[in-house]
file query.txt (compact mmCIF, C-alpha atoms)
# COMPACT_ATOMS: atom_id res chain seq x y z
CA MET V 269 128.39 134.48 110.35
CA ARG V 270 130.79 132.90 107.89
CA GLU V 271 131.25 129.17 108.14
CA LYS V 272 134.78 128.40 109.24
CA ALA V 273 136.87 125.87 107.31
CA PRO V 274 139.58 123.93 109.20
CA ALA V 275 142.35 124.50 106.63
CA PHE V 276 143.39 126.55 103.62
CA GLN V 277 145.40 125.77 100.49
CA PHE V 278 149.08 126.69 100.69
CA TYR V 279 150.91 127.23 97.38
CA PRO V 280 154.71 127.02 97.92
CA SER V 281 155.63 128.53 94.54
CA ASP V 282 153.40 131.56 95.08
CA PHE V 283 154.73 132.00 98.61
CA VAL V 284 158.45 132.03 97.80
CA SER V 285 157.93 134.20 94.69
CA ASP V 286 155.89 136.87 96.49
CA ILE V 287 157.97 140.09 96.53
CA ASN V 288 156.91 140.79 100.13
CA VAL V 289 158.13 137.35 101.24
CA VAL V 290 161.39 137.77 99.32
CA MET V 291 162.10 140.92 101.33
CA MET V 292 161.54 139.13 104.66
CA ASN V 293 164.16 137.42 106.81
CA MET V 294 163.37 134.03 108.35
CA GLU V 295 162.02 135.52 111.60
CA GLN V 296 159.66 137.75 109.65
CA ARG V 297 158.50 134.83 107.54
CA GLY V 298 157.70 133.01 110.75
CA GLN V 299 155.60 135.98 111.90
CA TYR V 300 153.86 136.08 108.54
CA ILE V 301 152.93 132.37 108.61
CA THR V 302 151.75 132.69 112.23
CA LEU V 303 149.51 135.69 111.47
CA LEU V 304 148.12 133.95 108.38
CA CYS V 305 147.03 131.07 110.62
CA TYR V 306 145.33 133.42 113.09
CA ASP V 307 143.74 135.30 110.19
CA TRP V 308 142.22 132.07 108.87
CA LYS V 309 141.17 130.78 112.27
CA SER V 310 139.52 134.03 113.47
CA ASP V 311 138.39 135.39 110.10
CA GLY V 312 140.69 138.38 110.39
CA LEU V 313 143.21 139.96 112.78
CA PRO V 314 142.65 142.77 115.30
CA ASN V 315 143.84 146.17 114.11
CA ASP V 316 146.19 146.48 117.06
CA GLU V 317 149.97 146.01 116.72
CA SER V 318 150.34 145.21 120.41
CA VAL V 319 147.93 142.28 120.07
CA LEU V 320 149.66 141.12 116.88
CA SER V 321 153.00 141.31 118.69
CA ALA V 322 151.58 139.22 121.55
CA LEU V 323 150.45 136.60 119.01
CA CYS V 324 154.09 136.41 117.80
CA ASN V 325 155.66 135.85 121.27
CA GLY V 326 156.04 139.57 122.00
CA ASN V 327 158.23 140.36 119.01
CA ALA V 328 157.64 143.61 117.15
CA ILE V 329 155.81 143.08 113.86
CA ALA V 330 157.93 144.02 110.86
CA MET V 331 156.53 146.45 108.31
CA GLN V 332 157.11 143.86 105.55
CA VAL V 333 154.71 141.56 107.43
CA LEU V 334 152.05 144.25 108.04
CA ASN V 335 152.13 145.14 104.35
CA CYS V 336 150.75 141.67 103.59
CA PHE V 337 147.45 142.53 105.33
CA GLU V 338 144.85 145.15 104.52
CA LEU V 339 142.33 146.89 106.74
CA CYS V 340 138.73 145.89 106.01
CA ASP V 341 135.41 147.65 106.71
CA ASP V 342 134.89 145.75 109.98
CA ASN V 343 138.25 147.17 111.27
CA LYS V 344 140.00 143.82 110.91
CA LEU V 345 143.21 143.06 109.08
CA ARG V 346 143.03 140.35 106.44
CA ASN V 347 145.41 138.92 103.89
CA PRO V 348 143.81 139.47 100.41
CA ARG V 349 144.96 136.14 99.01
CA LEU V 350 143.64 134.33 102.10
CA SER V 351 140.32 136.15 101.78
CA ARG V 352 139.97 134.96 98.18
CA GLU V 353 140.74 131.40 99.31
CA ARG V 354 138.10 131.70 102.03
CA GLU V 355 135.48 132.88 99.53
CA LYS V 356 136.44 130.14 97.09
CA GLN V 357 136.00 127.46 99.74
CA ALA V 358 132.66 128.93 100.84
CA SER V 359 131.47 128.94 97.21
CA ARG V 360 132.61 125.33 96.75
CA ARG V 361 130.80 124.21 99.91
CA LYS V 362 127.62 126.00 98.84
CA LYS V 363 127.76 124.40 95.40
CA MET V 364 128.21 120.94 96.93
CA SER V 365 125.35 121.59 99.35
CA ASP V 366 123.07 122.80 96.54
CA ASN V 367 123.93 119.75 94.42
CA ALA V 368 123.19 117.43 97.35
CA LYS V 369 119.83 119.14 97.97
CA SER V 370 119.02 118.91 94.27
CA ARG V 371 119.80 115.17 94.19
CA TRP V 372 117.76 114.62 97.36
CA THR V 373 114.80 116.51 95.89
CA LYS V 374 114.95 114.52 92.63
CA GLU V 375 115.19 111.21 94.53
CA LYS V 376 112.24 112.19 96.72
CA GLN V 377 110.14 113.19 93.71
CA SER V 378 111.11 109.94 91.95
CA LYS V 379 110.07 107.87 94.97
CA GLN V 380 106.78 109.74 95.27
CA LYS V 381 106.10 109.23 91.56
CA HIS V 382 106.98 105.53 91.84
CA SER V 383 104.75 105.11 94.91
CA LYS V 384 101.88 106.87 93.16
CA SER V 385 102.28 104.63 90.10
CA ASN V 386 102.31 101.52 92.29
CA ALA V 387 99.19 102.71 94.13
CA ILE V 388 97.35 103.28 90.85
CA ALA V 389 98.43 99.88 89.52
CA LEU V 390 97.35 98.16 92.75
CA GLN V 391 94.01 99.98 92.67
CA LYS V 392 93.41 98.82 89.09
CA GLN V 393 94.40 95.25 89.99
CA CYS V 394 92.08 95.19 93.02
CA SER V 395 89.25 96.66 90.94
CA SER V 396 89.78 94.03 88.25
CA SER V 397 89.93 91.22 90.80
CA SER V 398 86.79 92.46 92.57
CA SER V 399 84.78 92.55 89.36
CA SER V 400 85.76 89.00 88.40
CA SER V 401 85.54 87.40 91.86
CA SER V 402 82.60 85.61 93.46
CA PRO V 403 80.02 87.88 95.09
CA SER V 404 80.34 85.89 98.33
CA ASN V 405 81.92 87.95 101.11
CA ASN V 406 83.42 84.79 102.62
CA THR V 407 85.64 84.07 99.62
CA PRO V 408 88.95 86.00 99.59
CA ILE V 409 89.91 87.92 96.45
CA VAL V 410 92.09 85.67 94.30
CA PRO V 411 95.32 87.41 93.16
CA LYS V 412 95.67 87.70 89.40
CA GLY V 413 97.69 84.79 88.04
CA SER V 414 97.25 82.60 91.15
CA GLY V 415 95.74 79.79 89.02
CA TYR V 416 93.46 78.23 91.66
CA THR V 417 91.90 75.03 90.40
CA GLN V 418 88.25 74.07 90.69
CA GLU V 419 89.30 71.05 92.76
CA PHE V 420 91.13 73.25 95.26
CA ASP V 421 88.26 75.77 95.40
CA SER V 422 85.93 72.91 96.29
CA PHE V 423 88.27 71.83 99.11
CA TRP V 424 88.76 75.43 100.27
CA ALA V 425 85.01 75.96 100.53
CA LYS V 426 84.84 73.08 103.04
CA TYR V 427 87.76 74.22 105.20
CA PRO V 428 86.34 76.13 108.21
CA LYS V 429 89.04 78.81 108.50
CA LYS V 430 89.58 81.18 105.56
CA ASP V 431 93.09 82.47 106.17
CA GLY V 432 95.98 82.43 103.68
CA LYS V 433 94.33 81.02 100.58
CA LEU V 434 97.42 81.36 98.38
CA ALA V 435 99.63 79.58 100.95
CA ALA V 436 96.93 76.92 101.33
CA PHE V 437 96.83 76.38 97.57
CA LYS V 438 100.60 75.81 97.46
CA ALA V 439 100.36 73.39 100.41
CA TYR V 440 97.44 71.60 98.70
CA GLN V 441 99.48 71.05 95.55
CA LYS V 442 102.24 69.44 97.62
CA ALA V 443 99.75 67.40 99.64
CA LYS V 444 98.34 65.96 96.39
CA LYS V 445 101.68 64.18 96.00
CA ARG V 446 101.08 62.36 99.30
CA ALA V 447 97.35 61.66 99.09
CA THR V 448 94.38 61.81 96.72
CA ALA V 449 91.88 64.66 96.70
CA GLU V 450 89.22 62.27 98.06
CA GLN V 451 91.44 61.24 100.99
CA ILE V 452 92.16 64.85 101.87
CA VAL V 453 88.50 65.89 101.79
CA GLU V 454 87.39 62.81 103.76
CA GLY V 455 90.03 63.51 106.39
CA LEU V 456 88.98 67.16 106.54
CA LEU V 457 85.40 66.19 107.44
CA VAL V 458 86.42 64.08 110.47
CA SER V 459 89.72 65.75 111.52
CA PRO V 460 89.73 66.39 115.31
CA GLN V 461 91.74 69.57 114.75
CA LEU V 462 88.79 71.07 112.91
CA GLN V 463 86.07 70.05 115.39
CA ARG V 464 86.65 72.97 117.74
CA ASP V 465 86.14 76.70 118.10
CA THR V 466 87.24 78.52 114.93
CA GLN V 467 89.92 80.59 116.67
CA TYR V 468 91.83 77.42 117.62
CA ILE V 469 91.63 75.80 114.21
CA PRO V 470 95.04 75.81 112.43
CA CYS V 471 95.39 77.71 109.17
CA CYS V 472 94.72 75.56 106.13
CA SER V 473 98.35 75.45 104.92
CA LYS V 474 99.54 74.25 108.34
CA TRP V 475 96.87 71.53 108.44
CA LEU V 476 97.82 70.34 104.95
CA ASN V 477 101.58 70.43 105.58
CA GLY V 478 101.04 68.36 108.73
CA ASN V 479 99.00 65.68 106.87
CA GLY V 480 95.96 66.62 108.93
CA TRP V 481 93.74 64.26 106.93
CA GLU V 482 95.58 61.33 108.55
CA ASP V 483 94.48 62.32 112.07
CA GLU V 484 92.36 59.86 114.01
CA PRO V 485 88.71 60.71 113.26
CA ALA V 486 87.08 62.92 115.86
CA ARG V 487 84.34 60.42 116.73
CA ARG V 488 86.91 57.73 117.64
CA GLN V 489 88.90 60.09 119.87
CA ARG V 490 85.73 60.88 121.82
CA ASN V 491 84.99 57.10 122.10
CA ILE V 492 81.70 57.57 120.26
CA PRO V 493 80.69 54.16 118.82
CA ASN V 494 80.02 53.78 115.12
CA ALA V 495 76.52 53.00 113.98
CA ASP V 496 77.69 49.45 113.11
CA ASP V 497 79.09 48.77 116.66
call {"tool": "encode", "arguments": {"input": "query.txt", "output": "structure tokens"}}
result
Amino acid sequence: MREKAPAFQFYPSDFVSDINVVMMNMEQRGQYITLLCYDWKSDGLPNDESVLSALCNGNAIAMQVLNCFELCDDNKLRNPRLSREREKQASRRKKMSDNAKSRWTKEKQSKQKHSKSNAIALQKQCSSSSSSSSPSNNTPIVPKGSGYTQEFDSFWAKYPKKDGKLAAFKAYQKAKKRATAEQIVEGLLVSPQLQRDTQYIPCCSKWLNGNGWEDEPARRQRNIPNADD
């Protein structure tokens, strides 16, 4: 089934210069325009003058009007110029559809190629990081270019929860502006937040951002006397 278009091009100069139109009176021109619209809408007219007359308010169809349509193989009347316009529009729509599919296919292939390249690059990066990292399973793989310091690694090894090392490193750098490395480590060893089940221990970056090393030592909160008391 042909795809129907909602409108067709109308060329005024061609219309008024057509010898068939020149020979028509105004009523016949009205019939002609009306039948052109039905031709476009229904992809052809029925080969029945009584039906065509009914489409034109019961008026007899003039021979000058009928001469503007030709009988096709499917026993329908069609205007040749309108048929060419219909084919031209169908060809234009197909070309636009093919171009859109071609662009979509190229974009899809480009995305797949980009994703594959990223996957290969990530695989190489992970492989490189694995070969240069510590053999300990408890130490997270350090991203290339993270620049962890030996001082931070020493602190990180003491922190009981190994989540978010990169975020912890950034928080540690900021914390160093508020306290010394010794103060932070000493506070870590007695912090009440860290003397509990691992699942309730805050992540390292949160503990650092909250100045966790300043918390009251765990032994004092439990009213355990010092050895000197």
call {"tool": "residues_around", "arguments": {"input": "query.txt", "residues": "Gln332 in chain V", "least_positions_apart": "6", "cutoff": "9 Å", "atoms": "only C-alpha atoms", "output": "ChimeraX atom specification"}}
result
/V:288-289,291-292,296,300
call {"tool": "atom_distance", "arguments": {"input": "query.txt", "atom1": "CA of Ala273 in chain V", "atom2": "CA of Arg361 in chain V"}}
result
9.7 Å
call {"tool": "axis_aligned_box", "arguments": {"input": "query.txt", "around": "range 360-369 of chain V", "padding_each_side": "3 Å", "output": "AutoDock Vina command-line options"}}
result
--center_x 126.2 --center_y 121.7 --center_z 97.2 --size_x 18.8 --size_y 14.6 --size_z 11.5
call {"tool": "residues_around", "arguments": {"input": "query.txt", "residues": "Leu462 in chain V", "least_positions_apart": "6", "cutoff": "12 Å", "atoms": "all atoms listed in the file", "output": "JSON, numbers by chain"}}
result
{"V": [426, 427, 428, 429, 455, 456, 468, 469, 470, 471, 472, 475, 480, 481, 483, 484, 485, 486]}
call {"tool": "atom_distance", "arguments": {"input": "query.txt", "atom1": "CA of Pro314 in chain V", "atom2": "CA of Arg360 in chain V"}}
result
27.4 Å
call {"tool": "residues_near_point", "arguments": {"input": "query.txt", "point": "(157.7, 139.6, 116.6)", "cutoff": "12 Å", "atoms": "only C-alpha atoms", "output": "list in words"}}
result
Asn293, Met294, Glu295, Gln296, Arg297, Gly298, Gln299, Tyr300, Ile301, Thr302, Leu303, Glu317, Ser318, Val319, Leu320, Ser321, Ala322, Leu323, Cys324, Asn325, Gly326, Asn327, Ala328, Ile329, Ala330, Met331, Gln332, Val333 and Leu334 of chain V
call {"tool": "residues_around", "arguments": {"input": "query.txt", "residues": "Gln441 in chain V", "least_positions_apart": "5", "cutoff": "12 Å", "atoms": "all atoms listed in the file", "output": "number ranges by chain"}}
result
V: 415-417, 419-420, 423, 434-436, 446-449, 452, 473, 476-477
call {"tool": "write_last_selection", "arguments": {"input": "query.txt", "atoms": "C-alpha atoms", "output": "compact mmCIF listing (two decimals), in the coordinates of the input"}}
result
# COMPACT_ATOMS: atom_id res chain seq x y z
CA GLY V 415 95.74 79.79 89.02
CA TYR V 416 93.46 78.23 91.66
CA THR V 417 91.90 75.03 90.40
CA GLU V 419 89.30 71.05 92.76
CA PHE V 420 91.13 73.25 95.26
CA PHE V 423 88.27 71.83 99.11
CA LEU V 434 97.42 81.36 98.38
CA ALA V 435 99.63 79.58 100.95
CA ALA V 436 96.93 76.92 101.33
CA ARG V 446 101.08 62.36 99.30
CA ALA V 447 97.35 61.66 99.09
CA THR V 448 94.38 61.81 96.72
CA ALA V 449 91.88 64.66 96.70
CA ILE V 452 92.16 64.85 101.87
CA SER V 473 98.35 75.45 104.92
CA LEU V 476 97.82 70.34 104.95
CA ASN V 477 101.58 70.43 105.58
call {"tool": "atom_distance", "arguments": {"input": "query.txt", "atom1": "CA of Gln277 in chain V", "atom2": "CA of Glu353 in chain V"}}
result
7.4 Å
call {"tool": "residues_around", "arguments": {"input": "query.txt", "residues": "range 340-349 of chain V", "least_positions_apart": "5", "cutoff": "8 Å", "atoms": "all atoms listed in the file", "output": "PDB file with C-alpha atoms, keeping the file's coordinate frame"}}
result
ATOM      1  CA  LEU V 304     148.120 133.950 108.380  1.00  0.00           C
ATOM      2  CA  ASP V 307     143.740 135.300 110.190  1.00  0.00           C
ATOM      3  CA  ASP V 311     138.390 135.390 110.100  1.00  0.00           C
ATOM      4  CA  GLY V 312     140.690 138.380 110.390  1.00  0.00           C
ATOM      5  CA  LEU V 313     143.210 139.960 112.780  1.00  0.00           C
ATOM      6  CA  PRO V 314     142.650 142.770 115.300  1.00  0.00           C
ATOM      7  CA  ASN V 315     143.840 146.170 114.110  1.00  0.00           C
TER       8      ASN V 315
END
call {"tool": "closest_residue", "arguments": {"input": "query.txt", "among": "V:Ala389, V:Cys336, V:Trp372, V:Asp421", "to": "Asp286 in chain V", "atoms": "all atoms listed in the file"}}
result
V:Cys336
call {"tool": "build_atoms", "arguments": {"input": "query.txt", "residues": "range 443-467 of chain V", "atoms": "N, CA and C atoms", "output": "PDB file, in the frame of the given file"}}
result
ATOM      1  N   ALA V 443     100.456  68.489  98.967  1.00  0.00           N
ATOM      2  CA  ALA V 443      99.750  67.400  99.640  1.00  0.00           C
ATOM      3  C   ALA V 443      99.222  66.386  98.640  1.00  0.00           C
ATOM      4  N   LYS V 444      98.856  66.861  97.427  1.00  0.00           N
ATOM      5  CA  LYS V 444      98.340  65.960  96.390  1.00  0.00           C
ATOM      6  C   LYS V 444      99.370  64.915  95.965  1.00  0.00           C
ATOM      7  N   LYS V 445     100.643  65.156  96.298  1.00  0.00           N
ATOM      8  CA  LYS V 445     101.680  64.180  96.000  1.00  0.00           C
ATOM      9  C   LYS V 445     101.730  63.072  97.050  1.00  0.00           C
ATOM     10  N   ARG V 446     101.060  63.316  98.190  1.00  0.00           N
ATOM     11  CA  ARG V 446     101.080  62.360  99.300  1.00  0.00           C
ATOM     12  C   ARG V 446      99.733  61.677  99.509  1.00  0.00           C
ATOM     13  N   ALA V 447      98.688  62.234  98.912  1.00  0.00           N
ATOM     14  CA  ALA V 447      97.350  61.660  99.090  1.00  0.00           C
ATOM     15  C   ALA V 447      96.466  62.113  97.939  1.00  0.00           C
ATOM     16  N   THR V 448      95.330  61.421  97.772  1.00  0.00           N
ATOM     17  CA  THR V 448      94.380  61.810  96.720  1.00  0.00           C
ATOM     18  C   THR V 448      93.487  62.920  97.244  1.00  0.00           C
ATOM     19  N   ALA V 449      92.799  63.578  96.311  1.00  0.00           N
ATOM     20  CA  ALA V 449      91.880  64.660  96.700  1.00  0.00           C
ATOM     21  C   ALA V 449      90.764  64.105  97.579  1.00  0.00           C
ATOM     22  N   GLU V 450      90.295  62.872  97.270  1.00  0.00           N
ATOM     23  CA  GLU V 450      89.220  62.270  98.060  1.00  0.00           C
ATOM     24  C   GLU V 450      89.678  62.010  99.493  1.00  0.00           C
ATOM     25  N   GLN V 451      90.923  61.506  99.657  1.00  0.00           N
ATOM     26  CA  GLN V 451      91.440  61.240 100.990  1.00  0.00           C
ATOM     27  C   GLN V 451      91.568  62.526 101.817  1.00  0.00           C
ATOM     28  N   ILE V 452      91.999  63.571 101.163  1.00  0.00           N
ATOM     29  CA  ILE V 452      92.160  64.850 101.870  1.00  0.00           C
ATOM     30  C   ILE V 452      90.818  65.391 102.329  1.00  0.00           C
ATOM     31  N   VAL V 453      89.821  65.370 101.439  1.00  0.00           N
ATOM     32  CA  VAL V 453      88.500  65.890 101.790  1.00  0.00           C
ATOM     33  C   VAL V 453      87.846  65.035 102.864  1.00  0.00           C
ATOM     34  N   GLU V 454      87.966  63.686 102.755  1.00  0.00           N
ATOM     35  CA  GLU V 454      87.390  62.810 103.760  1.00  0.00           C
ATOM     36  C   GLU V 454      88.028  63.049 105.123  1.00  0.00           C
ATOM     37  N   GLY V 455      89.351  63.233 105.121  1.00  0.00           N
ATOM     38  CA  GLY V 455      90.030  63.510 106.390  1.00  0.00           C
ATOM     39  C   GLY V 455      89.637  64.854 106.964  1.00  0.00           C
ATOM     40  N   LEU V 456      89.393  65.825 106.091  1.00  0.00           N
ATOM     41  CA  LEU V 456      88.980  67.160 106.540  1.00  0.00           C
ATOM     42  C   LEU V 456      87.666  67.089 107.312  1.00  0.00           C
ATOM     43  N   LEU V 457      86.731  66.243 106.841  1.00  0.00           N
ATOM     44  CA  LEU V 457      85.400  66.190 107.440  1.00  0.00           C
ATOM     45  C   LEU V 457      85.393  65.574 108.829  1.00  0.00           C
ATOM     46  N   VAL V 458      86.413  64.757 109.152  1.00  0.00           N
ATOM     47  CA  VAL V 458      86.420  64.080 110.470  1.00  0.00           C
ATOM     48  C   VAL V 458      87.644  64.458 111.301  1.00  0.00           C
ATOM     49  N   SER V 459      88.492  65.386 110.801  1.00  0.00           N
ATOM     50  CA  SER V 459      89.720  65.750 111.520  1.00  0.00           C
ATOM     51  C   SER V 459      89.400  66.351 112.881  1.00  0.00           C
ATOM     52  N   PRO V 460      89.988  65.841 113.968  1.00  0.00           N
ATOM     53  CA  PRO V 460      89.730  66.390 115.310  1.00  0.00           C
ATOM     54  C   PRO V 460      90.217  67.824 115.452  1.00  0.00           C
ATOM     55  N   GLN V 461      91.236  68.203 114.661  1.00  0.00           N
ATOM     56  CA  GLN V 461      91.740  69.570 114.750  1.00  0.00           C
ATOM     57  C   GLN V 461      90.719  70.604 114.308  1.00  0.00           C
ATOM     58  N   LEU V 462      89.756  70.141 113.478  1.00  0.00           N
ATOM     59  CA  LEU V 462      88.790  71.070 112.910  1.00  0.00           C
ATOM     60  C   LEU V 462      87.445  71.034 113.619  1.00  0.00           C
ATOM     61  N   GLN V 463      87.320  70.158 114.651  1.00  0.00           N
ATOM     62  CA  GLN V 463      86.070  70.050 115.390  1.00  0.00           C
ATOM     63  C   GLN V 463      86.168  70.850 116.686  1.00  0.00           C
ATOM     64  N   ARG V 464      86.483  72.108 116.565  1.00  0.00           N
ATOM     65  CA  ARG V 464      86.650  72.970 117.740  1.00  0.00           C
ATOM     66  C   ARG V 464      86.292  74.398 117.364  1.00  0.00           C
ATOM     67  N   ASP V 465      86.420  75.282 118.351  1.00  0.00           N
ATOM     68  CA  ASP V 465      86.140  76.700 118.100  1.00  0.00           C
ATOM     69  C   ASP V 465      87.050  77.218 116.987  1.00  0.00           C
ATOM     70  N   THR V 466      86.505  78.057 116.119  1.00  0.00           N
ATOM     71  CA  THR V 466      87.240  78.520 114.930  1.00  0.00           C
ATOM     72  C   THR V 466      88.580  79.151 115.261  1.00  0.00           C
ATOM     73  N   GLN V 467      88.671  79.876 116.359  1.00  0.00           N
ATOM     74  CA  GLN V 467      89.920  80.590 116.670  1.00  0.00           C
ATOM     75  C   GLN V 467      91.070  79.642 116.969  1.00  0.00           C
TER      76      GLN V 467
END
